[in-house]
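final.pdb (PDB, C-alpha atoms) appears below.
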```
ATOM      1  CA  MET A1105       0.000   0.000   0.000
ATOM      2  CA  GLY A1106       1.170   3.542  -0.654
ATOM      3  CA  PRO A1107       2.050   6.129   1.949
ATOM      4  CA  GLY A1108      -0.920   7.247   3.958
ATOM      5  CA  MET A1109      -2.985   4.304   2.761
ATOM      6  CA  GLU A1110      -3.454   2.406   5.994
ATOM      7  CA  ARG A1111      -5.565  -0.675   6.091
ATOM      8  CA  ASP A1112      -8.524   1.410   7.210
ATOM      9  CA  PRO A1113     -11.165   0.956   4.461
ATOM     10  CA  ASP A1114     -12.982   4.112   5.529
ATOM     11  CA  LYS A1115      -9.844   6.183   5.029
ATOM     12  CA  ARG A1116      -9.217   4.632   1.603
ATOM     13  CA  TYR A1117     -12.804   5.460   0.658
ATOM     14  CA  ARG A1118     -12.239   9.085   1.673
ATOM     15  CA  TYR A1119      -9.088   9.317  -0.452
ATOM     16  CA  LEU A1120     -10.910   7.838  -3.433
ATOM     17  CA  ARG A1121     -13.761  10.289  -2.913
ATOM     18  CA  LEU A1122     -11.339  13.223  -2.811
ATOM     19  CA  VAL A1123      -9.600  12.143  -6.007
ATOM     20  CA  SER A1124     -12.861  11.611  -7.855
ATOM     21  CA  THR A1125     -14.246  14.934  -6.644
ATOM     22  CA  MET A1126     -11.151  16.765  -7.857
ATOM     23  CA  GLY A1127     -11.446  14.915 -11.167
ATOM     24  CA  THR A1128     -14.748  16.636 -11.899
ATOM     25  CA  LEU A1129     -13.132  20.079 -11.962
ATOM     26  CA  PRO A1130     -11.647  19.965 -15.492
ATOM     27  CA  LEU A1131     -14.938  18.691 -16.879
ATOM     28  CA  MET A1132     -16.905  21.470 -15.224
ATOM     29  CA  MET A1133     -14.385  24.147 -16.219
ATOM     30  CA  GLY A1134     -14.974  23.245 -19.862
ATOM     31  CA  ALA A1135     -18.628  22.245 -19.843
ATOM     32  CA  ALA A1136     -20.220  25.230 -18.098
ATOM     33  CA  PRO A1137     -18.835  27.959 -20.403
ATOM     34  CA  THR A1138     -19.462  25.809 -23.485
ATOM     35  CA  LEU A1139     -23.083  25.204 -22.551
ATOM     36  CA  GLY A1140     -23.502  28.884 -21.708
ATOM     37  CA  PHE A1141     -22.087  29.925 -25.068
ATOM     38  CA  PHE A1142     -24.342  27.624 -27.081
ATOM     39  CA  ALA A1143     -27.419  28.492 -25.021
ATOM     40  CA  GLY A1144     -26.738  32.177 -25.640
ATOM     41  CA  ARG A1145     -26.157  31.532 -29.315
ATOM     42  CA  TRP A1146     -29.463  29.703 -29.599
ATOM     43  CA  LEU A1147     -31.291  32.506 -27.797
ATOM     44  CA  ASP A1148     -29.589  35.077 -30.027
ATOM     45  CA  GLY A1149     -30.953  33.237 -33.041
ATOM     46  CA  LYS A1150     -34.465  33.246 -31.578
ATOM     47  CA  MET A1151     -34.412  36.854 -30.401
ATOM     48  CA  GLY A1152     -32.176  38.490 -33.019
ATOM     49  CA  THR A1153     -29.756  39.943 -30.478
ATOM     50  CA  THR A1154     -26.553  38.510 -31.965
ATOM     51  CA  PRO A1155     -23.916  38.360 -30.360
ATOM     52  CA  TRP A1156     -24.908  39.809 -26.978
ATOM     53  CA  LEU A1157     -26.543  36.818 -25.334
ATOM     54  CA  GLN A1158     -23.640  34.612 -26.389
ATOM     55  CA  PHE A1159     -21.310  36.770 -24.331
ATOM     56  CA  VAL A1160     -23.695  37.079 -21.409
ATOM     57  CA  PHE A1161     -24.276  33.348 -21.121
ATOM     58  CA  LEU A1162     -20.593  32.596 -21.694
ATOM     59  CA  GLY A1163     -19.814  34.874 -18.740
ATOM     60  CA  LEU A1164     -22.475  33.152 -16.668
ATOM     61  CA  GLY A1165     -20.919  29.804 -17.582
ATOM     62  CA  PHE A1166     -17.498  30.967 -16.396
ATOM     63  CA  GLY A1167     -19.087  32.273 -13.202
ATOM     64  CA  ALA A1168     -20.835  28.961 -12.589
ATOM     65  CA  ALA A1169     -17.570  27.075 -13.148
ATOM     66  CA  ALA A1170     -15.722  29.356 -10.728
ATOM     67  CA  ARG A1171     -18.427  28.973  -8.096
ATOM     68  CA  TYR A1172     -18.402  25.180  -8.497
ATOM     69  CA  THR A1173     -14.602  25.111  -8.192
ATOM     70  CA  TYR A1174     -14.725  27.193  -5.025
ATOM     71  CA  ARG A1175     -17.350  24.934  -3.445
ATOM     72  CA  VAL A1176     -15.482  21.751  -4.379
ATOM     73  CA  LEU A1177     -12.243  23.105  -2.935
ATOM     74  CA  GLN A1178     -14.029  24.006   0.304
ATOM     75  CA  ASN A1179     -15.403  20.466   0.558
ATOM     76  CA  VAL A1180     -11.997  18.940  -0.222
ATOM     77  CA  ARG A1181     -10.328  21.090   2.426
ATOM     78  CA  ARG A1182     -12.950  20.024   4.966
ATOM     79  CA  ASP A1183     -12.529  16.371   4.047
ATOM     80  CA  MET A1184      -8.734  16.621   4.238
ATOM     81  CA  ASP A1185      -9.044  18.005   7.764
ATOM     82  CA  ARG A1186     -11.066  14.935   8.750
ATOM     83  CA  LEU A1187      -8.324  12.574   7.558
TER      84      LEU A1187
END
```

Show me the file's structure as structure tokens.
Amino acid sequence: MGPGMERDPDKRYRYLRLVSTMGTLPLMMGAAPTLGFFAGRWLDGKMGTTPWLQFVFLGLGFGAAARYTYRVLQNVRRDMDRL
């Protein structure tokens, strides 16, 4: 077993949970702005406001990704303190 990986199954589960939680960050950092951009583009096509809603929703996507990252890092820090 690696360093810090005692035979405690609960502790191994916590490590696995931390790694998997941190693994969601790159996906969210790419998905939220992309979805925001395409949602804004679609709305621009419906409302004729090109390109304003693309930029607004892209910004909202980046904001959502930043907020998600902040919340995940808070949870990881809390979980690391419990180990």

(message) As an exercise, work out the distance from CA of Arg1116 (chain A) to CA of Tyr1172 (chain A) in Å and give it to one decimal place.
(response)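 Separating CA of Arg1116 (chain A) from CA of Tyr1172 (chain A) is a distance of 24.7 Å.
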
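Residues within 9 Å of Pro1155 (chain A), counting all atoms listed in the file and excluding same-chain residues fewer than 3 positions away, are Gly1144, Arg1145, Asp1148, Gly1152, Gln1158 and Phe1159 of chain A.
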
(request) Rank nothing, just name the residue among A:Asn1179, A:Leu1139, A:Leu1187, A:Thr1173 nearest to Asp1112 (chain A), using only C-alpha atoms. (result)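 Nearest to Asp1112 (chain A): A:Leu1187.
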
(request) Please provide the set of residues having any atom within 9 Å of Tyr1119 (chain A), restricted to all atoms listed in the file, with same-chain residues fewer than 3 positions apart removed, written as a ChimeraX atom specification. (result) /A:1109,1114-1116,1122-1124,1184,1187

(request) Would you mind reading off the distance between CA of Leu1162 (chain A) and CA of Gly1149 (chain A), one decimal, in Å? (result) 15.4 Å

Would you compute, for all listed atoms of region 1113-1127 of chain A, the axis-aligned bounding box grown by 3 Å on each side, and then report its centre and edge lengths in Å rounded to one decimal, as JSON?
```
{"center_x": -11.7, "center_y": 8.9, "center_z": -2.8, "size_x": 11.2, "size_y": 21.8, "size_z": 22.7}
```

The PyMOL selection byres ((chain A and resi 1163-1166) around 12) resolved against shown file, as a compact mmCIF listing (two decimals) with C-alpha atoms, in the frame of the given file:
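Generated output (expr-v2.txt):
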```txt
# COMPACT_ATOMS: atom_id res chain seq x y z
CA MET A 1132 -16.90 21.47 -15.22
CA MET A 1133 -14.38 24.15 -16.22
CA GLY A 1134 -14.97 23.24 -19.86
CA ALA A 1135 -18.63 22.24 -19.84
CA ALA A 1136 -20.22 25.23 -18.10
CA PRO A 1137 -18.84 27.96 -20.40
CA THR A 1138 -19.46 25.81 -23.48
CA LEU A 1139 -23.08 25.20 -22.55
CA GLY A 1140 -23.50 28.88 -21.71
CA PHE A 1141 -22.09 29.92 -25.07
CA PHE A 1142 -24.34 27.62 -27.08
CA ALA A 1143 -27.42 28.49 -25.02
CA GLY A 1144 -26.74 32.18 -25.64
CA TRP A 1156 -24.91 39.81 -26.98
CA LEU A 1157 -26.54 36.82 -25.33
CA GLN A 1158 -23.64 34.61 -26.39
CA PHE A 1159 -21.31 36.77 -24.33
CA VAL A 1160 -23.70 37.08 -21.41
CA PHE A 1161 -24.28 33.35 -21.12
CA LEU A 1162 -20.59 32.60 -21.69
CA GLY A 1167 -19.09 32.27 -13.20
CA ALA A 1168 -20.84 28.96 -12.59
CA ALA A 1169 -17.57 27.08 -13.15
CA ALA A 1170 -15.72 29.36 -10.73
CA ARG A 1171 -18.43 28.97 -8.10
CA TYR A 1172 -18.40 25.18 -8.50
CA THR A 1173 -14.60 25.11 -8.19
```
